[in-house]
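Novice: Shown below is the structure under consideration.
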Amino acid sequence: MSEQLSSTAVPSGSFLDRYFSIQQRGSTVRQEVIAGLTTFLAMVYSVIVVPNMLGQAGFDPGAVFIATCLIASFGSLLMGLWANLPMAIGCAISLTAFTAFSLVLGQGMSIPVTLGAIFLMGVTFTLVSVTGVRQWVLANLPKGIAHGTGIGIGLFLLLIATNSVQLIVANSAGLPVKLGDINSLPVIATVIGLAATIGLERRGVPGGILLVIIALSVFGLVFDPSVKYQGLFAFPDFTSEHSLIGQLDIMGAFNPVVLPIVLALVMTAIFDATGTIRAVAGQANLLDKDDNIVGGGKALTSDSVSSMVAGLVGGAPAAVYIESAAGTAAGGKTGLTATIVGVLFLLMMFLAPLSYLVPAYATAPALMYVGLLMLSNVAKLDFDDKVDAMSGLTCAVFIILSCNIVTGIMLGFVTLVVGRICSGEWRKLKVGVLSITLGLVVFYMGGWAI
């Protein structure tokens, strides 16, 4: 297998190899291309979900579609070409929901002021990133909570994927969730797809995850009436009267009523996006000997700058997508993976009808497989330090129970601090850890949490 991979590697010293450090990180062009395609297909649903959510709040869906593609393209290209990391950026689904249902529909904010708030959030978020505050947060992230975040995100991916195909659904009575219709086509296709993915990956078949996505998409086109070919090409209209590009109202966002919302968005993004970046980097083995992210500073800045762009073009706040882990599981190790995702989202603006050819059950197995892989972080917990390990597990469990990464991280920090004090190990607590814990508790107790 290693001989086969080496045959597809770029020549040593070539421009691609030098720019992306492909061979240095143990990858090949073919591997990076497959990883890029896998990540793109795993997150292409965003071009449907984001316009639909914001459309319910009065945004023009066509304009949001263009904005979603532009944000994902810009952010992923920045992450790939500048930070050289295999992480894709797009409109954060959680923050999209907050934008639509809380800001616009809930608080009655106009669309221009909302976009202005998103831009200010991006500016503040970028300042926090370039001044080293986010890097400081990462440096003060205890190992147990760092690994627990990876475990929790893996569980979160499993829940998102299974719910998207109605394998796991909401329960009207008793426990919060229950098994969906096990006889439905999406559920059957998802379960078989997961098993096939596991089998192909075990055999070391190059691009096994991508092959399953393509196979299930073809299956859906042939046998599923809801998957229909709706054309190939659609030219985006940048000059439409409904275009949201440049329509933000920055001065309106400086309203004293809006500023706390901007700060809430920043706080959420700091811990949500930072935790996701750390988890995906760990999945791709891109942590140095001190457990720091390789090129972490640039990675942290890339997603914050992308949120500024989101406000400018008329979309939701941006963040690194958890689905990037599907690409790293497929072998992505360099920025070439993210670059390919960025280029594909740029093309997506002209190939909008194709997005409907990838049903949820085609990508759900990939996300479930990655979620299962990320559970291996349990083995990295140091149970000789029970307080650290249990705070990590607390973080993981409450990420999935609350469906919120920041909530899990907050409860993990509280468990760690109180646990250290009660165990008589208070000397192990760093000032940075105490500061972060206090900040998170105030953030939640003050009612600013999203």
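A note on labels: chains of the structure tokens are A, B, ... as shown, every chain counts residues from 1, and ligands are counted from 1 in their shown order.
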Per residue of range 106-149 of chain A within 10 Å of range 236-249 of chain A, which atom pair is closest and at what distance in Å (one decimal), using only C-alpha atoms, listed by chain and increasing number, as JSON lines?

Specialist:
{"residue": "A:Ser110", "atom": "CA", "partner": "A:Asp249", "partner_atom": "CA", "distance": 9.2}
{"residue": "A:Ile111", "atom": "CA", "partner": "A:Leu248", "partner_atom": "CA", "distance": 7.7}
{"residue": "A:Pro112", "atom": "CA", "partner": "A:Leu248", "partner_atom": "CA", "distance": 4.3}
{"residue": "A:Val113", "atom": "CA", "partner": "A:Asp249", "partner_atom": "CA", "distance": 4.8}
{"residue": "A:Thr114", "atom": "CA", "partner": "A:Leu248", "partner_atom": "CA", "distance": 7.5}
{"residue": "A:Leu115", "atom": "CA", "partner": "A:Leu248", "partner_atom": "CA", "distance": 4.9}
{"residue": "A:Gly116", "atom": "CA", "partner": "A:Asp249", "partner_atom": "CA", "distance": 4.8}
{"residue": "A:Ala117", "atom": "CA", "partner": "A:Asp249", "partner_atom": "CA", "distance": 8.1}
{"residue": "A:Ile118", "atom": "CA", "partner": "A:Leu248", "partner_atom": "CA", "distance": 8.9}
{"residue": "A:Phe119", "atom": "CA", "partner": "A:Leu248", "partner_atom": "CA", "distance": 8.0}

Novice: Which residues, written as a compact mmCIF listing (two decimals) with C-alpha atoms, in the first residue's frame, have at least one atom at most 10 Å from range 197-213 of chain A, with only C-alpha atoms counted and residues fewer than 3 positions away on the same chain left out?

Specialist:
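This is the output file selection-v3.txt:
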# COMPACT_ATOMS: atom_id res chain seq x y z
CA MET A 1 0.00 0.00 0.00
CA LEU A 5 0.75 5.81 -2.34
CA ARG A 30 -4.36 11.91 -4.66
CA GLN A 31 -4.99 11.53 -0.94
CA GLU A 32 -5.52 15.28 -0.52
CA VAL A 33 -7.91 15.44 -3.50
CA ILE A 34 -9.99 12.58 -2.11
CA ALA A 35 -10.03 14.25 1.31
CA GLY A 36 -11.12 17.56 -0.23
CA LEU A 37 -13.97 15.92 -2.15
CA THR A 38 -15.03 14.01 0.96
CA THR A 39 -15.14 17.15 3.12
CA LEU A 41 -19.66 16.40 0.01
CA ALA A 42 -20.02 16.08 3.79
CA VAL A 191 -26.77 1.72 8.30
CA ILE A 192 -25.49 -0.22 5.29
CA GLY A 193 -23.37 2.77 4.26
CA LEU A 194 -21.77 2.96 7.71
CA LEU A 216 -25.36 6.10 -2.10
CA SER A 217 -25.94 9.24 -4.17
CA VAL A 218 -26.20 7.14 -7.34
CA PHE A 219 -28.48 4.71 -5.48
CA ALA A 326 -14.47 13.43 7.41
CA GLY A 327 -11.70 14.72 5.18
CA ALA A 329 -10.30 10.60 8.22
CA ALA A 330 -9.97 10.17 4.45
CA GLY A 331 -6.30 11.13 4.71
CA VAL A 358 -26.45 14.23 -2.54
CA PRO A 359 -29.16 13.08 -0.08
CA ALA A 360 -28.60 13.16 3.67
CA TYR A 361 -28.19 9.38 3.81
CA ALA A 362 -25.24 9.59 1.42
CA THR A 363 -23.15 11.71 3.80
CA ALA A 364 -24.56 10.50 7.15
CA PRO A 365 -22.42 7.29 7.16
CA ALA A 366 -19.24 9.37 6.71
CA LEU A 367 -20.15 11.64 9.63
CA MET A 368 -21.10 8.67 11.80
CA TYR A 369 -17.81 6.92 10.97
CA VAL A 370 -15.83 10.04 11.87

Novice: So, counting only C-alpha atoms, which residue among A:Leu440, A:Met53, A:Leu105, A:Ile145 is closest to Leu393 in chain A?

Specialist: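 Among A:Leu440, A:Met53, A:Leu105, A:Ile145, it is A:Ile145 that comes nearest to Leu393 in chain A.
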
Novice: What is the CA of Leu158 in chain A-CA of Leu344 in chain A distance in Å, reported with one decimal?

Specialist: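 About the pair CA of Leu158 in chain A and CA of Leu344 in chain A: they are 25.4 Å apart.
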
Novice: Between A:Lys289, A:Pro61, A:Phe443, A:Val130, which is the closest to Ile261 in chain A once you count only C-alpha atoms?

Specialist: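 With only C-alpha atoms as the atom set, the closest residue is A:Phe443.
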
Novice: Could you tell me which of A:Thr334, A:Ser304, A:Ser102, A:Thr328 comes closest to Gln24 in chain A if we count only C-alpha atoms?

Specialist: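 Of all the options, A:Thr334 lies closest to Gln24 in chain A.
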
Novice: Determine which residues of range 233-288 of chain A receive a DSSP assignment of alpha helix (DSSP H), computed from the backbone, and state them as a ChimeraX atom specification.

Specialist: /A:250-253,259-283

Novice: For those residues, write N, CA, C and O atoms to a file as a compact mmCIF listing (two decimals), in the first residue's frame.

Specialist:
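For reference, again-v2.txt as written:
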# COMPACT_ATOMS: atom_id res chain seq x y z
N ILE A 250 -23.46 48.86 9.83
CA ILE A 250 -22.51 48.76 10.94
C ILE A 250 -22.88 49.71 12.06
O ILE A 250 -22.84 49.36 13.25
N MET A 251 -23.26 50.93 11.73
CA MET A 251 -23.60 51.91 12.77
C MET A 251 -24.81 51.46 13.58
O MET A 251 -24.87 51.66 14.80
N GLY A 252 -25.76 50.83 12.90
CA GLY A 252 -26.93 50.32 13.62
C GLY A 252 -26.56 49.24 14.62
O GLY A 252 -27.21 49.07 15.65
N ALA A 253 -25.48 48.51 14.31
CA ALA A 253 -25.04 47.43 15.20
C ALA A 253 -24.35 47.95 16.45
O ALA A 253 -24.12 47.20 17.40
N LEU A 259 -24.99 45.47 21.08
CA LEU A 259 -23.62 45.15 21.46
C LEU A 259 -23.49 43.91 22.36
O LEU A 259 -22.58 43.10 22.17
N PRO A 260 -24.37 43.72 23.36
CA PRO A 260 -24.26 42.49 24.15
C PRO A 260 -24.42 41.23 23.30
O PRO A 260 -23.80 40.19 23.58
N ILE A 261 -25.24 41.31 22.24
CA ILE A 261 -25.43 40.18 21.35
C ILE A 261 -24.12 39.89 20.59
O ILE A 261 -23.73 38.73 20.41
N VAL A 262 -23.44 40.97 20.17
CA VAL A 262 -22.16 40.81 19.49
C VAL A 262 -21.17 40.10 20.40
O VAL A 262 -20.47 39.17 19.98
N LEU A 263 -21.11 40.52 21.68
CA LEU A 263 -20.19 39.90 22.63
C LEU A 263 -20.55 38.44 22.88
O LEU A 263 -19.67 37.59 23.04
N ALA A 264 -21.86 38.13 22.92
CA ALA A 264 -22.29 36.75 23.10
C ALA A 264 -21.85 35.88 21.92
O ALA A 264 -21.40 34.74 22.09
N LEU A 265 -21.97 36.44 20.72
CA LEU A 265 -21.51 35.73 19.52
C LEU A 265 -20.01 35.47 19.59
O LEU A 265 -19.53 34.38 19.26
N VAL A 266 -19.25 36.47 20.04
CA VAL A 266 -17.80 36.32 20.14
C VAL A 266 -17.43 35.25 21.17
O VAL A 266 -16.60 34.37 20.90
N MET A 267 -18.03 35.31 22.34
CA MET A 267 -17.74 34.32 23.38
C MET A 267 -18.06 32.91 22.92
O MET A 267 -17.29 31.97 23.14
N THR A 268 -19.21 32.77 22.27
CA THR A 268 -19.61 31.46 21.77
C THR A 268 -18.59 30.95 20.74
O THR A 268 -18.16 29.80 20.78
N ALA A 269 -18.21 31.84 19.82
CA ALA A 269 -17.28 31.45 18.77
C ALA A 269 -15.91 31.10 19.32
O ALA A 269 -15.25 30.17 18.83
N ILE A 270 -15.46 31.83 20.34
CA ILE A 270 -14.13 31.56 20.90
C ILE A 270 -14.02 30.11 21.34
O ILE A 270 -13.06 29.40 21.01
N PHE A 271 -15.00 29.64 22.10
CA PHE A 271 -14.90 28.29 22.66
C PHE A 271 -15.44 27.22 21.71
O PHE A 271 -14.90 26.11 21.64
N ASP A 272 -16.50 27.54 20.95
CA ASP A 272 -17.08 26.57 20.02
C ASP A 272 -16.10 26.29 18.89
O ASP A 272 -15.65 25.16 18.66
N ALA A 273 -15.71 27.34 18.16
CA ALA A 273 -14.83 27.17 17.00
C ALA A 273 -13.44 26.72 17.40
O ALA A 273 -12.82 25.88 16.74
N THR A 274 -12.92 27.27 18.52
CA THR A 274 -11.59 26.88 18.98
C THR A 274 -11.57 25.41 19.37
O THR A 274 -10.61 24.69 19.06
N GLY A 275 -12.62 24.96 20.04
CA GLY A 275 -12.70 23.54 20.41
C GLY A 275 -12.78 22.64 19.19
O GLY A 275 -12.16 21.57 19.15
N THR A 276 -13.52 23.08 18.17
CA THR A 276 -13.65 22.29 16.95
C THR A 276 -12.30 22.21 16.23
O THR A 276 -11.90 21.13 15.76
N ILE A 277 -11.59 23.34 16.11
CA ILE A 277 -10.28 23.34 15.45
C ILE A 277 -9.33 22.40 16.16
O ILE A 277 -8.60 21.61 15.54
N ARG A 278 -9.32 22.45 17.48
CA ARG A 278 -8.45 21.58 18.27
C ARG A 278 -8.80 20.11 18.05
O ARG A 278 -7.90 19.27 17.89
N ALA A 279 -10.08 19.81 18.01
CA ALA A 279 -10.50 18.42 17.84
C ALA A 279 -10.14 17.89 16.45
O ALA A 279 -9.66 16.76 16.30
N VAL A 280 -10.38 18.70 15.41
CA VAL A 280 -10.07 18.26 14.04
C VAL A 280 -8.56 18.13 13.84
O VAL A 280 -8.09 17.18 13.21
N ALA A 281 -7.79 19.06 14.43
CA ALA A 281 -6.33 18.98 14.33
C ALA A 281 -5.82 17.71 15.00
O ALA A 281 -4.91 17.03 14.50
N GLY A 282 -6.41 17.36 16.13
CA GLY A 282 -6.03 16.13 16.81
C GLY A 282 -6.37 14.91 15.98
O GLY A 282 -5.59 13.95 15.90
N GLN A 283 -7.53 14.94 15.31
CA GLN A 283 -7.95 13.84 14.45
C GLN A 283 -6.97 13.65 13.30
O GLN A 283 -6.72 12.54 12.85

Novice: Can you pull out every residue within 12 Å of Ser435 in chain A, counting only C-alpha atoms, but drop anything in the same chain fewer than 4 positions away, and send it as a PyMOL selection string?

Specialist: chain A and resi 136-137+140-141+410+413-414+417+429-431+439-442
